[in-house]
Structure formats: C-alpha cells, structure tokens
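Asker: So I've got this file, entry_31.pdb, and it contains PDB, C-alpha atoms:
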```
ATOM      1  CA  MET M   1     -20.893-109.753  -5.581
ATOM      2  CA  ALA M   2     -23.762-109.245  -3.182
ATOM      3  CA  ASP M   3     -21.399-109.892  -0.262
ATOM      4  CA  ALA M   4     -19.010-107.106  -1.286
ATOM      5  CA  LEU M   5     -19.272-103.803   0.550
ATOM      6  CA  SER M   6     -20.311-100.778  -1.372
ATOM      7  CA  GLY M   7     -18.062 -97.741  -1.366
ATOM      8  CA  TRP M   8     -20.412 -95.994   1.071
ATOM      9  CA  ASP M   9     -20.507 -98.936   3.437
ATOM     10  CA  ALA M  10     -16.716 -99.101   3.534
ATOM     11  CA  LEU M  11     -16.543 -95.346   4.139
ATOM     12  CA  TRP M  12     -18.983 -95.568   7.078
ATOM     13  CA  ILE M  13     -17.080 -98.491   8.602
ATOM     14  CA  ALA M  14     -13.790 -96.606   8.257
ATOM     15  CA  LEU M  15     -15.287 -93.471   9.843
ATOM     16  CA  ALA M  16     -16.801 -95.484  12.700
ATOM     17  CA  GLY M  17     -13.493 -97.270  13.271
ATOM     18  CA  GLY M  18     -11.642 -93.946  13.293
ATOM     19  CA  ALA M  19     -14.148 -92.439  15.726
ATOM     20  CA  ILE M  20     -13.879 -95.440  18.047
ATOM     21  CA  ALA M  21     -10.069 -95.270  17.935
ATOM     22  CA  THR M  22     -10.199 -91.540  18.732
ATOM     23  CA  ILE M  23     -12.549 -92.115  21.670
ATOM     24  CA  ILE M  24     -10.321 -94.892  22.998
ATOM     25  CA  ALA M  25      -7.276 -92.608  22.683
ATOM     26  CA  TYR M  26      -9.029 -89.776  24.581
ATOM     27  CA  VAL M  27     -10.233 -92.144  27.311
ATOM     28  CA  ALA M  28      -6.744 -93.622  27.678
ATOM     29  CA  ARG M  29      -5.295 -90.107  27.728
ATOM     30  CA  PHE M  30      -7.761 -89.032  30.405
ATOM     31  CA  PHE M  31      -6.850 -92.053  32.567
ATOM     32  CA  ALA M  32      -3.193 -90.974  32.391
ATOM     33  CA  VAL M  33      -4.039 -87.520  33.778
ATOM     34  CA  PRO M  34      -4.144 -88.456  37.503
ATOM     35  CA  SER M  35      -0.691 -90.026  37.407
ATOM     36  CA  GLU M  36       0.678 -87.059  35.439
ATOM     37  CA  ILE M  37      -0.776 -84.664  38.026
ATOM     38  CA  ALA M  38       0.767 -86.715  40.832
ATOM     39  CA  ALA M  39       4.151 -86.638  39.072
ATOM     40  CA  ASN M  40       3.892 -82.883  38.484
ATOM     41  CA  ASP M  41       2.899 -82.231  42.102
ATOM     42  CA  ARG M  42       5.764 -84.407  43.297
ATOM     43  CA  ALA M  43       8.261 -82.570  41.052
ATOM     44  CA  ALA M  44       7.032 -79.149  42.244
ATOM     45  CA  GLY M  45       7.157 -80.290  45.867
ATOM     46  CA  GLU M  46      10.674 -81.635  45.409
ATOM     47  CA  ARG M  47      11.768 -78.309  43.901
ATOM     48  CA  ASP M  48      10.352 -76.561  46.970
ATOM     49  CA  GLU M  49      12.259 -79.001  49.205
ATOM     50  CA  ASP M  50      15.446 -78.247  47.244
ATOM     51  CA  LEU M  51      14.987 -74.522  47.853
ATOM     52  CA  ASP M  52      14.284 -75.211  51.532
ATOM     53  CA  GLN M  53      17.481 -77.218  51.866
ATOM     54  CA  TRP M  54      19.464 -74.652  49.883
ATOM     55  CA  ILE M  55      18.521 -71.822  52.241
ATOM     56  CA  ALA M  56      19.239 -73.961  55.318
ATOM     57  CA  ASP M  57      22.694 -74.856  53.949
ATOM     58  CA  GLU M  58      23.413 -71.282  52.852
ATOM     59  CA  HIS M  59      22.449 -70.014  56.320
ATOM     60  CA  VAL M  60      25.109 -72.215  57.901
ATOM     61  CA  GLN M  61      27.672 -71.190  55.258
ATOM     62  CA  LEU M  62      26.910 -67.492  55.757
ATOM     63  CA  LYS M  63      27.326 -67.751  59.525
ATOM     64  CA  ARG M  64      30.705 -69.429  58.950
ATOM     65  CA  ARG M  65      31.782 -66.736  56.453
ATOM     66  CA  LEU M  66      30.791 -63.974  58.865
ATOM     67  CA  GLU M  67      32.711 -65.640  61.695
ATOM     68  CA  THR M  68      35.771 -66.006  59.465
ATOM     69  CA  ILE M  69      35.587 -62.314  58.553
ATOM     70  CA  ARG M  70      35.294 -61.347  62.217
ATOM     71  CA  LYS M  71      38.337 -63.462  63.091
ATOM     72  CA  GLU M  72      40.341 -61.958  60.232
ATOM     73  CA  LEU M  73      39.422 -58.427  61.350
ATOM     74  CA  ALA M  74      40.303 -59.208  64.963
ATOM     75  CA  ALA M  75      43.644 -60.701  63.893
ATOM     76  CA  THR M  76      44.534 -57.514  62.002
ATOM     77  CA  ASN M  77      43.189 -55.273  64.785
ATOM     78  CA  THR M  78      40.573 -53.776  62.411
ATOM     79  CA  PHE M  79      37.458 -55.207  64.115
ATOM     80  CA  TYR M  80      36.201 -51.757  65.104
ATOM     81  CA  SER M  81      36.983 -50.180  61.755
ATOM     82  CA  GLY M  82      34.736 -49.497  58.812
ATOM     83  CA  GLN M  83      35.962 -52.755  57.314
ATOM     84  CA  TYR M  84      33.748 -54.681  59.747
ATOM     85  CA  GLY M  85      30.481 -53.397  58.321
ATOM     86  CA  HIS M  86      31.743 -53.306  54.759
ATOM     87  CA  ARG M  87      33.017 -56.894  54.619
ATOM     88  CA  LEU M  88      30.064 -58.368  56.513
ATOM     89  CA  ASN M  89      27.626 -56.539  54.245
ATOM     90  CA  LEU M  90      29.379 -57.862  51.142
ATOM     91  CA  ALA M  91      29.085 -61.451  52.432
ATOM     92  CA  LYS M  92      25.418 -60.920  53.315
ATOM     93  CA  GLU M  93      24.650 -59.330  49.938
ATOM     94  CA  GLU M  94      26.274 -62.291  48.202
ATOM     95  CA  ALA M  95      24.088 -64.759  50.149
ATOM     96  CA  ILE M  96      20.888 -62.771  49.547
ATOM     97  CA  HIS M  97      21.764 -62.413  45.868
ATOM     98  CA  ALA M  98      22.324 -66.180  45.589
ATOM     99  CA  TYR M  99      18.975 -66.859  47.302
ATOM    100  CA  ARG M 100      17.194 -64.433  44.975
ATOM    101  CA  ASP M 101      18.605 -66.311  41.979
ATOM    102  CA  GLN M 102      17.729 -69.713  43.503
ATOM    103  CA  GLU M 103      14.156 -68.603  44.172
ATOM    104  CA  ARG M 104      13.794 -67.201  40.661
ATOM    105  CA  GLN M 105      15.010 -70.501  39.175
ATOM    106  CA  ALA M 106      12.670 -72.499  41.429
ATOM    107  CA  ARG M 107       9.704 -70.390  40.257
ATOM    108  CA  ARG M 108      10.717 -70.965  36.638
ATOM    109  CA  ASP M 109      11.097 -74.703  37.204
ATOM    110  CA  VAL M 110       7.650 -74.945  38.789
ATOM    111  CA  ALA M 111       6.171 -72.889  35.933
ATOM    112  CA  LEU M 112       7.645 -75.361  33.435
ATOM    113  CA  ILE M 113       6.134 -78.227  35.415
ATOM    114  CA  ARG M 114       2.731 -76.517  35.317
ATOM    115  CA  ASP M 115       3.096 -75.906  31.584
ATOM    116  CA  ARG M 116       2.961 -79.685  31.074
ATOM    117  CA  GLU M 117      -0.668 -79.609  32.190
ATOM    118  CA  HIS M 118      -3.530 -78.803  29.833
ATOM    119  CA  TRP M 119      -7.319 -78.696  29.990
ATOM    120  CA  PRO M 120      -7.778 -82.374  31.010
ATOM    121  CA  HIS M 121      -5.491 -81.749  33.981
ATOM    122  CA  GLY M 122      -7.395 -78.611  34.907
ATOM    123  CA  LEU M 123     -10.678 -80.502  34.687
ATOM    124  CA  TRP M 124      -9.326 -83.347  36.820
ATOM    125  CA  ARG M 125      -7.962 -80.900  39.405
ATOM    126  CA  LYS M 126     -11.334 -79.184  39.533
ATOM    127  CA  LEU M 127     -13.263 -82.447  39.866
ATOM    128  CA  THR M 128     -10.939 -83.767  42.577
ATOM    129  CA  ARG M 129     -10.396 -80.359  44.213
ATOM    130  CA  ARG M 130      -6.653 -80.818  43.957
ATOM    131  CA  PRO M 131      -4.977 -77.402  43.612
ATOM    132  CA  LEU M 132      -1.680 -76.759  41.910
ATOM    133  CA  VAL M 133       1.290 -77.214  44.226
ATOM    134  CA  GLN M 134       2.767 -73.840  45.157
ATOM    135  CA  LEU M 135       6.258 -73.021  46.374
ATOM    136  CA  LYS M 136       6.055 -72.476  50.132
ATOM    137  CA  VAL M 137       9.676 -71.583  50.883
ATOM    138  CA  PRO M 138       9.653 -68.034  49.444
ATOM    139  CA  GLU M 139       7.044 -66.915  51.992
ATOM    140  CA  ARG M 140       8.802 -68.692  54.831
ATOM    141  CA  ALA M 141      12.254 -67.437  53.806
ATOM    142  CA  ASP M 142      11.525 -63.732  54.303
ATOM    143  CA  GLU M 143      12.301 -63.918  58.012
ATOM    144  CA  VAL M 144      15.679 -65.529  57.317
ATOM    145  CA  LEU M 145      16.503 -63.055  54.534
ATOM    146  CA  ASP M 146      15.566 -60.120  56.756
ATOM    147  CA  ALA M 147      17.928 -61.498  59.411
ATOM    148  CA  TRP M 148      20.700 -61.796  56.820
ATOM    149  CA  ALA M 149      20.042 -58.177  55.796
ATOM    150  CA  THR M 150      20.412 -56.875  59.372
ATOM    151  CA  PRO M 151      23.045 -54.118  59.304
ATOM    152  CA  PRO M 152      26.242 -55.030  61.167
ATOM    153  CA  SER M 153      26.421 -53.031  64.382
ATOM    154  CA  LYS M 154      28.762 -54.851  66.809
ATOM    155  CA  HIS M 155      31.630 -52.595  65.746
ATOM    156  CA  LEU M 156      29.752 -49.316  66.207
ATOM    157  CA  SER M 157      30.164 -46.784  68.963
ATOM    158  CA  SER M 158      27.169 -45.095  70.530
ATOM    159  CA  GLY M 159      25.547 -42.787  67.994
ATOM    160  CA  ASP M 160      27.189 -44.378  64.938
ATOM    161  CA  VAL M 161      24.970 -45.321  62.020
ATOM    162  CA  PRO M 162      25.348 -48.867  60.646
ATOM    163  CA  PRO M 163      26.437 -49.155  57.014
ATOM    164  CA  ARG M 164      23.601 -49.643  54.553
ATOM    165  CA  LEU M 165      23.252 -53.072  52.987
ATOM    166  CA  ASP M 166      22.551 -52.953  49.242
ATOM    167  CA  ASP M 167      19.774 -55.555  49.380
ATOM    168  CA  PRO M 168      19.701 -57.549  46.103
ATOM    169  CA  ARG M 169      15.992 -58.224  46.594
ATOM    170  CA  ASN M 170      15.327 -54.532  45.951
ATOM    171  CA  ARG M 171      17.461 -54.045  42.850
ATOM    172  CA  SER M 172      15.972 -53.395  39.440
ATOM    173  CA  LEU M 173      17.104 -52.276  36.017
ATOM    174  CA  GLU M 174      15.100 -49.070  36.472
ATOM    175  CA  ASP M 175      17.137 -48.216  39.577
ATOM    176  CA  VAL M 176      20.376 -48.901  37.729
ATOM    177  CA  LEU M 177      19.292 -46.789  34.749
ATOM    178  CA  ALA M 178      18.393 -43.877  37.037
ATOM    179  CA  GLU M 179      21.787 -44.148  38.731
ATOM    180  CA  VAL M 180      23.695 -44.315  35.430
ATOM    181  CA  ARG M 181      21.707 -41.415  33.986
ATOM    182  CA  SER M 182      22.662 -39.279  36.992
ATOM    183  CA  GLY M 183      26.346 -39.873  36.325
ATOM    184  CA  VAL M 184      28.921 -42.489  35.556
ATOM    185  CA  ALA M 185      31.634 -41.330  37.952
ATOM    186  CA  ASP M 186      31.637 -44.720  39.715
ATOM    187  CA  PHE M 187      32.799 -46.350  36.479
ATOM    188  CA  GLU M 188      35.458 -43.851  35.384
TER     189      GLU M 188
END
```
Could you take the file, read its structure, and then write that structure out as structure tokens?
Answerer:
Amino acid sequence: MADALSGWDALWIALAGGAIATIIAYVARFFAVPSEIAANDRAAGERDEDLDQWIADEHVQLKRRLETIRKELAATNTFYSGQYGHRLNLAKEEAIHAYRDQERQARRDVALIRDREHWPHGLWRKLTRRPLVQLKVPERADEVLDAWATPPSKHLSSGDVPPRLDDPRNRSLEDVLAEVRSGVADFE
C-alpha cells in the first residue's frame, strides 16, 4: 500500500494536470490569434472592395438611367419642362439612397467582423502595431455622391433656379417628425 497515492497527492496531480492543460489551451489559442486577425482584416478589406465595386457599377447605371430619361423627355418634347429636373432628381435620389444603405450595411458587416476579436487580438495588434482595417470607400465616395447630387440645370433658362434634390444622406427621423407635426396635408 505504500505505492498507492494518498488523496492529497492525487488531488495535487489532478490540479497540476488541469493547470497544464489550461496553459496549453491558452498558448494554442494565442497562436491562433495572428491567423484570425489576418482573416478578419481580409474580410473587412473585401467588404470595402465590394462597396468600391458597388459604387463604380452604380455610377455607370445612374449615367445610363439619366441618359434614358433625357432621351424619353426629348422624344416627348418635354426636355425643357419641369419634368427634366424632377425625373433626373428622382433617379439621383434613388442612387444616393441605395449607396447610403450599402455603406450602412458595410459598416455593420465590418463591426461584426471586429466583434470576433477580443483582448488577445487587441494585445497582438498592439504588439505588432497592426491597426484594425477601416473602410476607405466612404471617405472617397463623397466626391462621387456630391456629383450625383448636382442639381439638373441643362433644361433651365437664364435666371431659373434648379430643382432641389432631396438628398437621402441628410434625412433623419427628427426631420420627418418635424414635417409631420407641422401638417399632414401631403398624405391626405
């Protein structure tokens, strides 16, 4: 019976084994962090590329829609009417609205990617000086969106004021509430 372990000896061996297993698990987890960061950065970068391609494609589509509208107005001899500005603005608002929604979804997607990272990722990023990947397209897209929001003026005579574009980038619930509280005639 001298070879048998006492209850305390068995407890200490079990605790040591558990501690070693925990340390091995943390070390293995920490070694997975760089590849997880690379995958997260790649996914965020790909989402930015998707938004970049979306705006490039939408730009071409918008130019085609505007040209189609112009041809339709010319064919019906209404090119110099109020329909010119109205119809072009509606097409532009639709494109800007779609971009706004695409950008919002891209930001949410990148936030979800970042949510997969925890303190070991933050520590690794700090040690390796590897910042989180940011969306670059939203900053670069402003120039394109401002061009899309340019009021139509080809149809105007000297002194005419171009029709106002209801820019979806500037809409908010507060604005809508203020409008509705001032009257609901538009909906009657």
Asker: Could you state the separation of atom CA of Leu123 of chain M and atom CA of Ser35 of chain M in Å, given to one decimal place?
Answerer: 14.1 Å
Asker: Measuring atom to atom with all atoms listed in the file, identify which of M:Ala91, M:Ile113, M:Ala149, M:Ala21 is nearest to Leu165 of chain M.
Answerer: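 Of the candidates, the smallest distance to Leu165 of chain M is held by M:Ala149.
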Asker: Mind giving me the straight-line distance from atom CA of Gln102 of chain M to atom CA of Leu132 of chain M in Å, one decimal?
Answerer: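 Separation of atom CA of Gln102 of chain M and atom CA of Leu132 of chain M: 20.7 Å.
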Asker: Write out as a list in words which residues come within 12 Å of Val133 of chain M when counting all atoms listed in the file, dropping same-chain ones fewer than 3 positions away.
Answerer: Ile37, Ala38, Ala39, Asn40, Asp41, Arg42, Ala43, Ala44, Gly45, Glu46, Arg47, Asp48, Arg107, Val110, Ala111, Ile113, Arg114, Arg125, Arg130 and Lys136 of chain M
Asker: Carefully work through the PyMOL selection byres ((chain M and resi 54-60) around 9) for this structure and note down the residues it includes, as a list of chain:residue names.
Answerer: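 Selection result, ordered by chain and number: M:Glu49, M:Asp50, M:Leu51, M:Asp52, M:Gln53, M:Gln61, M:Leu62, M:Lys63, M:Arg64, M:Arg65, M:Ala95, M:Ala98, M:Tyr99, M:Gln102, M:Val137, M:Ala141, M:Val144, M:Trp148.
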Asker: Here is a test: counting only C-alpha atoms, which residue of M:Asp142, M:Gly18, M:Thr150, M:Ala10 is nearest to Glu93 of chain M?
Answerer: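 Using only C-alpha atoms, the shortest distance to Glu93 of chain M belongs to M:Thr150.
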Asker: Counting all atoms listed in the file, figure out which residue out of M:Val33, M:Leu88, M:Leu66, M:Leu135 gets nearest to Gly122 of chain M.
Answerer: M:Val33
Asker: Please identify all polymer residues lying at most 10 Å from the point (28.6, -46.4, 58.3) (file coordinates), using all atoms listed in the file, and present the result as a ChimeraX atom specification.
Answerer: /M:81-86,151-153,156,160-164
Asker: So the first atom is atom CA of Arg108 of chain M and the second is atom CA of Glu179 of chain M; what is the distance between them in Å, to one decimal place?
Answerer: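 Atom CA of Glu179 of chain M lies at a distance of 29.1 Å from atom CA of Arg108 of chain M.
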Asker: Which of these residues is nearest to Gln105 of chain M, using all atoms listed in the file: M:Pro138, M:His118, M:Ser157, M:Arg87?
Answerer: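 Answer, going by the shortest atom-to-atom distance: M:Pro138.
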Asker: Which is closest to Arg100 of chain M among M:Ala75, M:His121, M:Pro168, M:Gly159, if we use all atoms listed in the file?
Answerer: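 Among the listed residues, the smallest separation from Arg100 of chain M belongs to M:Pro168.
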